[in-house]
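Text of model29.cif, listed as mmCIF, C-alpha atoms:
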data_input
#
loop_
_atom_site.label_atom_id
_atom_site.label_comp_id
_atom_site.auth_asym_id
_atom_site.auth_seq_id
_atom_site.Cartn_x
_atom_site.Cartn_y
_atom_site.Cartn_z
CA MET A 156 23.62 10.63 14.19
CA SER A 157 23.96 7.98 11.46
CA THR A 158 22.78 8.50 7.90
CA GLN A 159 20.16 5.79 8.31
CA SER A 160 18.67 7.33 11.43
CA SER A 161 18.71 10.76 9.81
CA LEU A 162 16.72 9.44 6.87
CA ALA A 163 14.27 7.68 9.16
CA THR A 164 13.46 10.90 10.99
CA ALA A 165 13.32 13.04 7.83
CA TRP A 166 10.77 10.99 5.90
CA PRO A 167 7.93 10.90 5.17
CA VAL A 168 7.19 14.62 5.07
CA VAL A 169 3.71 15.56 6.31
CA LEU A 170 2.21 18.80 5.00
CA GLN A 171 -0.63 20.00 7.20
CA LEU A 172 -3.39 22.02 5.56
CA GLY A 173 -4.55 24.61 8.07
CA PRO A 174 -8.20 25.58 8.62
CA VAL A 175 -7.92 28.52 6.20
CA SER A 176 -6.41 26.39 3.45
CA HIS A 177 -8.47 25.05 0.61
CA LYS A 178 -9.05 21.33 1.05
CA MET A 179 -8.70 19.65 -2.33
CA ASN A 180 -11.53 17.52 -3.61
CA ASP A 181 -10.81 14.13 -5.21
CA HIS A 182 -10.28 15.50 -8.72
CA GLU A 183 -8.11 18.38 -7.52
CA PHE A 184 -5.91 16.01 -5.53
CA PHE A 185 -5.51 13.80 -8.61
CA GLU A 186 -4.50 16.82 -10.69
CA PHE A 187 -2.08 17.95 -7.96
CA CYS A 188 -0.40 14.53 -8.09
CA GLN A 189 -0.15 14.71 -11.89
CA LEU A 190 1.61 18.07 -11.61
CA ASN A 191 4.09 16.57 -9.13
CA ARG A 192 4.87 13.22 -10.73
CA ASP A 193 8.32 13.04 -9.12
CA TRP A 194 6.67 12.71 -5.71
CA ARG A 195 4.71 9.83 -4.26
CA ILE A 196 1.88 11.58 -2.46
CA GLU A 197 -0.78 10.30 -0.09
CA GLN A 198 -3.50 12.16 1.80
CA THR A 199 -4.93 11.26 5.19
CA SER A 200 -8.64 11.28 5.97
CA ASP A 201 -8.02 14.64 7.75
CA GLY A 202 -6.57 16.21 4.60
CA GLU A 203 -2.87 16.09 5.51
CA LEU A 204 -0.58 15.60 2.52
CA ILE A 205 2.17 13.02 2.97
CA ILE A 206 5.20 13.14 0.68
CA MET A 207 6.81 9.71 0.52
CA PRO A 208 10.51 9.24 -0.29
CA PRO A 209 11.70 7.16 -3.24
CA THR A 210 12.75 3.68 -2.17
CA GLY A 211 16.36 2.58 -1.95
CA THR A 212 17.65 0.09 -4.48
CA VAL A 213 17.40 -2.91 -2.15
CA THR A 214 13.75 -2.17 -1.32
CA GLY A 215 13.05 -1.45 -4.99
CA ASN A 216 14.41 -4.84 -5.96
CA MET A 217 12.30 -6.54 -3.30
CA SER A 218 9.21 -4.72 -4.54
CA PHE A 219 9.96 -5.73 -8.14
CA SER A 220 10.38 -9.39 -7.15
CA LEU A 221 7.17 -9.36 -5.11
CA ALA A 222 5.19 -7.72 -7.91
CA GLY A 223 6.50 -10.23 -10.45
CA ASP A 224 5.45 -13.23 -8.36
CA PHE A 225 2.02 -11.73 -7.71
CA ALA A 226 1.47 -10.72 -11.34
CA ALA A 227 1.91 -14.34 -12.42
CA TRP A 228 -0.82 -15.43 -9.99
CA VAL A 229 -3.17 -12.60 -11.03
CA LYS A 230 -2.85 -13.57 -14.70
CA ALA A 231 -3.47 -17.26 -14.00
CA ASP A 232 -6.36 -16.66 -11.57
CA GLY A 233 -8.22 -14.09 -13.65
CA THR A 234 -10.72 -13.02 -10.97
CA GLY A 235 -9.21 -9.61 -10.28
CA LEU A 236 -6.74 -6.90 -11.24
CA GLY A 237 -3.35 -6.18 -9.69
CA PHE A 238 -1.82 -2.74 -9.11
CA ASP A 239 1.67 -1.51 -8.30
CA SER A 240 2.91 1.09 -5.81
CA SER A 241 2.29 4.03 -8.14
CA THR A 242 -1.49 3.48 -7.97
CA GLY A 243 -3.69 5.62 -5.74
CA PHE A 244 -7.03 4.63 -4.21
CA THR A 245 -9.60 6.80 -2.46
CA LEU A 246 -10.74 4.87 0.60
CA PRO A 247 -14.28 5.15 2.02
CA ASN A 248 -12.90 7.42 4.80
CA ARG A 249 -11.64 9.77 2.00
CA ALA A 250 -7.95 9.02 2.59
CA LYS A 251 -5.89 8.62 -0.59
CA ARG A 252 -3.47 5.73 -0.23
CA SER A 253 -0.94 3.98 -2.48
CA PRO A 254 -0.15 0.51 -1.12
CA ASP A 255 3.01 -1.14 -2.40
CA LEU A 256 0.88 -3.85 -3.98
CA ALA A 257 -2.89 -4.16 -4.34
CA TRP A 258 -5.56 -6.39 -5.86
CA VAL A 259 -9.22 -5.67 -6.60
CA ARG A 260 -11.89 -8.24 -7.46
CA ARG A 261 -13.00 -7.87 -11.07
CA GLU A 262 -16.68 -7.35 -10.26
CA ARG A 263 -15.82 -4.37 -8.08
CA TRP A 264 -13.58 -2.91 -10.78
CA ASP A 265 -16.25 -3.42 -13.43
CA ALA A 266 -18.74 -1.49 -11.28
CA LEU A 267 -16.63 1.69 -11.52
CA THR A 268 -17.27 4.37 -14.12
CA PRO A 269 -14.57 5.12 -16.74
CA GLN A 270 -13.80 8.40 -14.95
CA GLU A 271 -13.41 6.65 -11.60
CA ARG A 272 -10.97 4.18 -13.15
CA GLN A 273 -8.88 6.97 -14.69
CA GLU A 274 -8.29 8.80 -11.40
CA PHE A 275 -7.85 7.35 -7.88
CA ALA A 276 -10.54 4.67 -7.80
CA PRO A 277 -13.05 5.22 -4.95
CA LEU A 278 -12.61 1.90 -3.19
CA CYS A 279 -10.35 0.04 -0.83
CA PRO A 280 -8.52 -2.86 -2.51
CA ASP A 281 -9.46 -6.37 -1.44
CA PHE A 282 -5.79 -7.21 -0.86
CA VAL A 283 -2.97 -4.83 0.08
CA VAL A 284 0.74 -5.13 0.80
CA GLU A 285 3.04 -2.67 2.50
CA LEU A 286 6.78 -3.37 2.28
CA ARG A 287 8.80 -1.71 5.02
CA SER A 288 11.89 0.25 4.01
CA LEU A 289 14.51 1.97 6.17
CA SER A 290 12.57 5.24 6.07
CA ASP A 291 9.37 3.62 7.40
CA THR A 292 8.47 3.28 11.04
CA LEU A 293 6.68 0.06 11.93
CA ARG A 294 4.03 1.97 13.87
CA THR A 295 3.13 4.13 10.86
CA LEU A 296 2.76 1.12 8.58
CA GLN A 297 0.71 -0.77 11.16
CA ALA A 298 -1.66 2.19 11.37
CA LYS A 299 -2.02 2.17 7.57
CA MET A 300 -2.77 -1.55 7.59
CA GLU A 301 -5.43 -1.07 10.24
CA GLU A 302 -6.92 1.72 8.12
CA TYR A 303 -7.11 -0.58 5.10
CA MET A 304 -8.90 -3.24 7.12
CA ALA A 305 -11.33 -0.72 8.62
CA ASN A 306 -12.17 0.46 5.10
CA GLY A 307 -12.98 -2.92 3.58
CA ALA A 308 -9.80 -4.84 2.75
CA ALA A 309 -10.18 -8.61 3.05
CA LEU A 310 -6.47 -9.38 3.50
CA GLY A 311 -3.33 -7.38 4.15
CA TRP A 312 0.35 -8.19 4.51
CA LEU A 313 2.86 -5.91 6.18
CA ILE A 314 6.22 -7.33 5.14
CA ASP A 315 9.14 -6.22 7.32
CA PRO A 316 12.48 -7.36 5.83
CA ILE A 317 14.33 -5.39 8.51
CA GLU A 318 13.04 -7.65 11.30
CA LYS A 319 12.24 -10.56 8.93
CA LYS A 320 8.58 -10.62 9.97
CA VAL A 321 5.23 -10.63 8.19
CA TYR A 322 2.11 -9.21 9.83
CA VAL A 323 -1.06 -10.75 8.40
CA TYR A 324 -4.23 -8.67 8.68
CA ARG A 325 -7.80 -9.94 8.26
CA PRO A 326 -11.14 -8.24 9.09
CA ALA A 327 -12.32 -8.18 12.69
CA THR A 328 -9.30 -10.10 13.99
CA GLU A 329 -6.01 -9.13 15.59
CA ALA A 330 -3.02 -9.06 13.27
CA CYS A 331 -0.95 -12.24 13.24
CA CYS A 332 2.84 -11.83 13.33
CA LEU A 333 4.90 -14.48 11.51
CA ASP A 334 8.54 -14.52 12.62
CA HIS A 335 10.99 -15.27 9.78
CA PRO A 336 8.46 -17.31 7.74
CA ALA A 337 9.63 -19.19 4.65
CA THR A 338 6.28 -18.57 2.93
CA VAL A 339 2.97 -16.78 3.46
CA SER A 340 -0.33 -17.93 1.96
CA GLY A 341 -3.11 -15.77 0.53
CA ASP A 342 -5.84 -18.39 1.00
CA PRO A 343 -8.80 -18.07 0.92
CA VAL A 344 -8.84 -14.50 -0.46
CA LEU A 345 -6.12 -15.31 -3.00
CA PRO A 346 -6.64 -19.04 -3.57
CA GLY A 347 -3.42 -20.85 -4.36
CA PHE A 348 -1.12 -17.83 -4.02
CA VAL A 349 1.88 -18.58 -1.83
CA LEU A 350 4.68 -16.03 -1.59
CA GLU A 351 8.18 -17.42 -1.03
CA LEU A 352 10.11 -15.05 1.18
CA HIS A 353 13.69 -16.34 1.03
CA ARG A 354 14.64 -13.76 -1.62
CA LEU A 355 13.43 -10.94 0.62
CA TRP A 356 15.19 -12.17 3.74
CA GLY A 357 18.53 -12.47 1.91
#
Rewrite the structure of this file - the entire thing - as C-alpha cells.
Amino acid sequence: MSTQSSLATAWPVVLQLGPVSHKMNDHEFFEFCQLNRDWRIEQTSDGELIIMPPTGTVTGNMSFSLAGDFAAWVKADGTGLGFDSSTGFTLPNRAKRSPDLAWVRRERWDALTPQERQEFAPLCPDFVVELRSLSDTLRTLQAKMEEYMANGAALGWLIDPIEKKVYVYRPATEACCLDHPATVSGDPVLPGFVLELHRLWG
C-alpha cells in the first residue's frame, strides 16, 4: 500500500462517545479544544469527536493563497467578517465545524453576545469553503457541505485540486460541479468576489 493511500485511510480519526460517556456541552467542548491546541477537532451532531490531520505543505500554501485573496475582498466590502480554518462554529444542529474559510454577515455577528464570540459562535456561516487535501475523501466533504447548507449557509464552495473541480452549493438546489474552471464567482452572496483558480490547479 502506498504512503498516500495509507494516509487517506488513517485520517481523520473519529472518536465515538458511547452511551455511558459524558457528552460535552458547548463550553466544555471549547475548553477541551483549548487543552488540545495541537489538534484540529470537530464534533458531529451525534457527539462524535473528529480529529483532523494537519495539512501538507502544498495544501497549506493553497489555503494561504485562498485566504489572502478573500481577505482583500472582505476588507474592501466591509459587510461581514472573514475567518480562517482554525475557527470553530456551533451549527444549529449542534455540530461543531471548522470550515477552511468562512464569512459571516456583520449584522449576524453583531447580534452575538461577547461570550458567544469568544467561544465557538452559535451560528452557521453565510459562506463556507472546504479545500480537499490528500487525506480527505470527496464523499466526507460533500456531506459536510450539505450539512452547512441544511444549517443556513447561503453559499458554499468545495474546492478539489486533486480532480481540478469546484462544487458550488446554494440553498434548496443541487450542487453544481465546475470542471477545471479558471474562476468561480461569489455573486450575489459575495458581490464582486471572483476567485482565480490557476494558482491552485498548478
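Within 10 Å of the file-frame point (-10.6, -13.0, -9.3), and using only C-alpha atoms, the polymer residues found are Val229, Lys230, Ala231, Asp232, Gly233, Thr234, Gly235, Leu236, Gly237, Trp258, Val259, Arg260, Arg261, Glu262, Val344, Leu345 and Pro346 of chain A.
Counting all atoms listed in the file and comparing A:Asp255, A:Glu197, A:Asp181, A:Asp224, the residue that lies closest to A:Leu286 is A:Asp255.
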Next on the checklist: Excluding A:Gly307 and its own-chain neighbours fewer than 5 positions away, which residues fall within 8 Å of it when counting only C-alpha atoms? Please give them as number ranges by chain.
Outcome noted: A: 279-281, 326
Checklist entry - Do you know which residues are at most 7 Å from A:Gly202 counting all atoms listed in the file, after dropping those on the same chain fewer than 2 positions away, and could you put them as JSON, numbers by chain? => result {"A": [172, 178, 198, 199, 200, 204]}
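If you count all atoms listed in the file and ignore residues fewer than 5 places along the chain from A:Thr210, what sits within 12 Å of it is Leu162, Trp166, Pro167, Trp194, Arg195, Gly215, Asn216, Met217, Ser218, Phe219, Ser240, Asp255, Leu286, Arg287, Ser288, Leu289, Ser290 and Asp291 of chain A.
The nearest approach to A:Leu350 among the residues A:Val213, A:Val321, A:Cys331, A:Ala250, with only C-alpha atoms taken into account, belongs to A:Val321.
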